[in-house]
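A.B. asks: The structure is given below, and queries will be raised subsequently.
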Amino acid sequence: MFIGHYALAFAAKKVTPRTSLATLLFASAWCDILWPVLLALGWERVKIQPGATAFNPLVFESYPWSHSLALVLFWSALIGGLHFLVRRERKAALVVSLLVLSHWALDWISHRPDMPIWPGGAGHGLGLWNHVGPTVLVEGTLFAAGVALYLRTTRAPSWRGHLSLWSFLVLILAMYAGDASGSAPPPSVQILTGFAFLGWLPPLWGIWIERTRALA
Ligand SMILES: [Zn+2]
């Protein structure tokens with residue numbers, strides 16, 4: 001999934017309002033933040049194959065460290081545990097931990113059966129990406145609901161709070177529209193890896209959003 005991960009981060013702000021949106025965005029997208037690093041290191045592999053799914057031209061050949069359930073459970077416990085050590089807030093740490101884990105569940109819904117339970121294990125996935133309309137419907141609904149919750153939880157004391165949030169939403173939705181419209185696949189895995197590093201942007205943007213918005 002793509003914007004569905006961010007949807008859960010926005011929604012989580014309602015559950016744990018004092019936790020930074022940057023942290024929530026980081027947790028929900030952690031697997032995809034890690035993934036380009038592992039691709040660049042050659043520890044995980046992807047192939048570009050136009051038509052692999054209707055929504056996405058990628059064949060995930062191997063991604064045990066970032067996307068096997070066993071490792072995602074490990075990351076979930078580690079990141080939630082670190083958050084607790086730093087903040088000492090049990091509920092916030094649990095939410096952060098669950099957000100990391102939610103990544104696997106949402107990707108499992110979207111991906112073809114290529115998501116292993118443990119490294120090297122057989123792949124699983126419901127294959128929502130085989131259908132563009134339902135993909136956009138499910139992710140779009142999730143995203144709208146998550147952002148709506150976030151808008152009820154926070155407010156913009158000045159124009160900066162509107163600018164930071166809405167510029168992020170416009171950018172993410174424009175990137176998503178590019179994906180959904182079946183724009184040309186990346187010409188090489190190297191360029192794809194470079195683009196995948198853009199996944200680091202939302203948590204950084206989240207710092208700006210967090211600093212410019214207040215709790216409602
Ligand atoms: Zn993912």
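Starting from 1 in every chain, residues are counted up; chains themselves are A, B, ... following the order of the structure tokens, and ligands are numbered from 1 as listed.
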Which residues are near ligand 1 - at most 7 Å, using only C-alpha atoms and all ligand atoms? Format: as an MDAnalysis selection string.

C.D. replies: chainID A and resid 1 31:32 67 103:104 107

A.B. asks: Any idea what's packed within 9 Å of Leu142 (chain A), counting only C-alpha atoms, ignoring anything in its chain fewer than 5 positions away? Could you give it as a list in words?

C.D. replies: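 In the requested form, the answer reads Ile3, Gly4, His5, Ala7, Leu8, Leu137 and Val147 of chain A.
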
A.B. asks: Excluding Trp129 (chain A) and residues on its chain fewer than 4 positions from it, collect all residues at most 7 Å away from it, counting only C-alpha atoms, and give them as number ranges by chain.

C.D. replies: A: 53-56, 110-111, 135

A.B. asks: With only C-alpha atoms as the atoms that count, which of A:Arg112, A:Thr23, A:Ala93, A:Pro187 lies nearest to Leu204 (chain A)?

C.D. replies: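 Smallest distance to Leu204 (chain A) is found for A:Thr23.
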
A.B. asks: Which of these, A:Leu58, A:Met175, A:Leu24, A:Ala40, has the shortest distance to Trp205 (chain A) once you count only C-alpha atoms?

C.D. replies: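 Result for the nearest residue to Trp205 (chain A): A:Leu24.
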
A.B. asks: Would you kindly return, as a ChimeraX atom specification, each protein, DNA or RNA residue with an atom no farther than 8 Å from any atom of region 44-47 of chain A, considering only C-alpha atoms and excluding same-chain residues fewer than 3 positions away?

C.D. replies: /A:35,38-39,41,58-65,189

A.B. asks: For the selection you just gave me, I'd like the residues written to a file as a PDB file, in the first residue's frame, keeping C-alpha atoms.

C.D. replies:
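Writing the result to again39.pdb gives the following:
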```pdb
ATOM      1  CA  TRP A  35      13.542  -1.051   1.964  1.00  0.00           C
ATOM      2  CA  LEU A  38      18.475  -2.772   1.700  1.00  0.00           C
ATOM      3  CA  LEU A  39      17.965  -2.557  -2.079  1.00  0.00           C
ATOM      4  CA  LEU A  41      23.026  -2.730  -0.229  1.00  0.00           C
ATOM      5  CA  LEU A  58       7.131  -4.325  -9.372  1.00  0.00           C
ATOM      6  CA  VAL A  59       7.994  -7.949  -8.666  1.00  0.00           C
ATOM      7  CA  PHE A  60       9.281  -8.205  -5.114  1.00  0.00           C
ATOM      8  CA  GLU A  61      11.739 -11.062  -5.532  1.00  0.00           C
ATOM      9  CA  SER A  62      13.125 -10.982  -2.023  1.00  0.00           C
ATOM     10  CA  TYR A  63      12.520  -8.667   0.919  1.00  0.00           C
ATOM     11  CA  PRO A  64      12.884 -10.746   4.070  1.00  0.00           C
ATOM     12  CA  TRP A  65      14.363  -8.006   6.279  1.00  0.00           C
ATOM     13  CA  VAL A 189      16.112  -0.728 -10.440  1.00  0.00           C
TER      14      VAL A 189
END
```

A.B. asks: List the neighbours of Ala12 (chain A) out to 12 Å using only C-alpha atoms; skip same-chain residues closer than 2 positions along the sequence, and give me the result as a PyMOL selection string.

C.D. replies: chain A and resi 5-10+14-25+27-28+91-100+102+145-151+153

A.B. asks: Determine which residues of region 2-206 of chain A receive a DSSP assignment of strand (DSSP E), computed from the backbone, and state them as a PyMOL selection string.

C.D. replies: chain A and resi 45-48+58-62+115-116+123-124+154-155

A.B. asks: For N, CA and C atoms, I'd like the residues from the last selection saved as a PDB file, in the first residue's frame.

C.D. replies:
```pdb
ATOM      1  N   ARG A  45      15.840  -7.716  -3.154  1.00  0.00           N
ATOM      2  CA  ARG A  45      15.804  -7.608  -4.607  1.00  0.00           C
ATOM      3  C   ARG A  45      14.383  -7.323  -5.107  1.00  0.00           C
ATOM      4  N   VAL A  46      14.323  -6.505  -6.169  1.00  0.00           N
ATOM      5  CA  VAL A  46      13.043  -6.223  -6.816  1.00  0.00           C
ATOM      6  C   VAL A  46      13.296  -6.231  -8.321  1.00  0.00           C
ATOM      7  N   LYS A  47      12.268  -6.547  -9.078  1.00  0.00           N
ATOM      8  CA  LYS A  47      12.376  -6.554 -10.534  1.00  0.00           C
ATOM      9  C   LYS A  47      11.261  -5.673 -11.091  1.00  0.00           C
ATOM     10  N   ILE A  48      11.583  -4.939 -12.160  1.00  0.00           N
ATOM     11  CA  ILE A  48      10.546  -4.119 -12.796  1.00  0.00           C
ATOM     12  C   ILE A  48       9.972  -4.915 -13.964  1.00  0.00           C
ATOM     13  N   LEU A  58       6.008  -3.777 -10.139  1.00  0.00           N
ATOM     14  CA  LEU A  58       7.131  -4.325  -9.372  1.00  0.00           C
ATOM     15  C   LEU A  58       6.916  -5.793  -9.004  1.00  0.00           C
ATOM     16  N   VAL A  59       7.982  -6.570  -9.160  1.00  0.00           N
ATOM     17  CA  VAL A  59       7.994  -7.949  -8.666  1.00  0.00           C
ATOM     18  C   VAL A  59       8.971  -7.980  -7.501  1.00  0.00           C
ATOM     19  N   PHE A  60       8.438  -8.197  -6.311  1.00  0.00           N
ATOM     20  CA  PHE A  60       9.281  -8.205  -5.114  1.00  0.00           C
ATOM     21  C   PHE A  60       9.894  -9.597  -4.984  1.00  0.00           C
ATOM     22  N   GLU A  61      11.117  -9.733  -5.486  1.00  0.00           N
ATOM     23  CA  GLU A  61      11.739 -11.062  -5.532  1.00  0.00           C
ATOM     24  C   GLU A  61      12.158 -11.538  -4.147  1.00  0.00           C
ATOM     25  N   SER A  62      12.662 -10.606  -3.358  1.00  0.00           N
ATOM     26  CA  SER A  62      13.125 -10.982  -2.023  1.00  0.00           C
ATOM     27  C   SER A  62      13.180  -9.738  -1.151  1.00  0.00           C
ATOM     28  N   MET A 115       4.564 -11.888   0.111  1.00  0.00           N
ATOM     29  CA  MET A 115       5.028 -11.449   1.426  1.00  0.00           C
ATOM     30  C   MET A 115       5.226 -12.649   2.341  1.00  0.00           C
ATOM     31  N   PRO A 116       6.477 -12.945   2.686  1.00  0.00           N
ATOM     32  CA  PRO A 116       6.745 -14.133   3.495  1.00  0.00           C
ATOM     33  C   PRO A 116       6.376 -13.938   4.965  1.00  0.00           C
ATOM     34  N   GLY A 123       5.206 -16.982   0.021  1.00  0.00           N
ATOM     35  CA  GLY A 123       4.631 -15.650   0.000  1.00  0.00           C
ATOM     36  C   GLY A 123       3.123 -15.654   0.208  1.00  0.00           C
ATOM     37  N   HIS A 124       2.633 -14.574   0.781  1.00  0.00           N
ATOM     38  CA  HIS A 124       1.198 -14.400   0.990  1.00  0.00           C
ATOM     39  C   HIS A 124       0.793 -13.005   0.514  1.00  0.00           C
ATOM     40  N   THR A 154      -6.364  18.213  15.401  1.00  0.00           N
ATOM     41  CA  THR A 154      -5.417  19.345  15.413  1.00  0.00           C
ATOM     42  C   THR A 154      -6.038  20.542  14.705  1.00  0.00           C
ATOM     43  N   ARG A 155      -5.408  21.694  14.933  1.00  0.00           N
ATOM     44  CA  ARG A 155      -5.850  22.913  14.238  1.00  0.00           C
ATOM     45  C   ARG A 155      -4.608  23.706  13.840  1.00  0.00           C
TER      46      ARG A 155
END
```

A.B. asks: Closest to Ile172 (chain A) among A:Gly199, A:Pro157, A:Gly42, A:Gly120, using only C-alpha atoms?

C.D. replies: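 For Ile172 (chain A), the nearest of the candidates is A:Gly199.
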
A.B. asks: Kindly indicate which residue among A:Leu69, A:Leu126, A:Ala156, A:Ala144 lies nearest to Leu173 (chain A), using only C-alpha atoms for the distances.

C.D. replies: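 Comparing A:Leu69, A:Leu126, A:Ala156, A:Ala144 against Leu173 (chain A), the winner is A:Ala144.
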
A.B. asks: Measuring atom to atom with only C-alpha atoms, identify which of A:Ala216, A:Ile191, A:Leu201, A:Val132 is nearest to Trp30 (chain A).

C.D. replies: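 Between A:Ala216, A:Ile191, A:Leu201, A:Val132, the residue approaching Trp30 (chain A) most closely is A:Leu201.
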
A.B. asks: Go through region 13-216 of chain A and collect every residue that DSSP, computed from the backbone, puts in alpha helix (DSSP H); the answer should be as a PyMOL selection string.

C.D. replies: chain A and resi 13-15+21-41+64-67+69-87+90-110+132-153+159-180+189-196+201-212

A.B. asks: Of the candidates A:Trp118, A:Phe74, A:Tyr176, A:Phe195, which one gets nearest to Phe143 (chain A) if we count only C-alpha atoms?

C.D. replies: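 The answer is A:Tyr176, which sits nearest to Phe143 (chain A).
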
A.B. asks: If I take CA of Ile117 (chain A) and CA of Leu73 (chain A), how far is one from the other in Å, to one decimal?

C.D. replies: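 Going from CA of Ile117 (chain A) over to CA of Leu73 (chain A) covers 10.1 Å.
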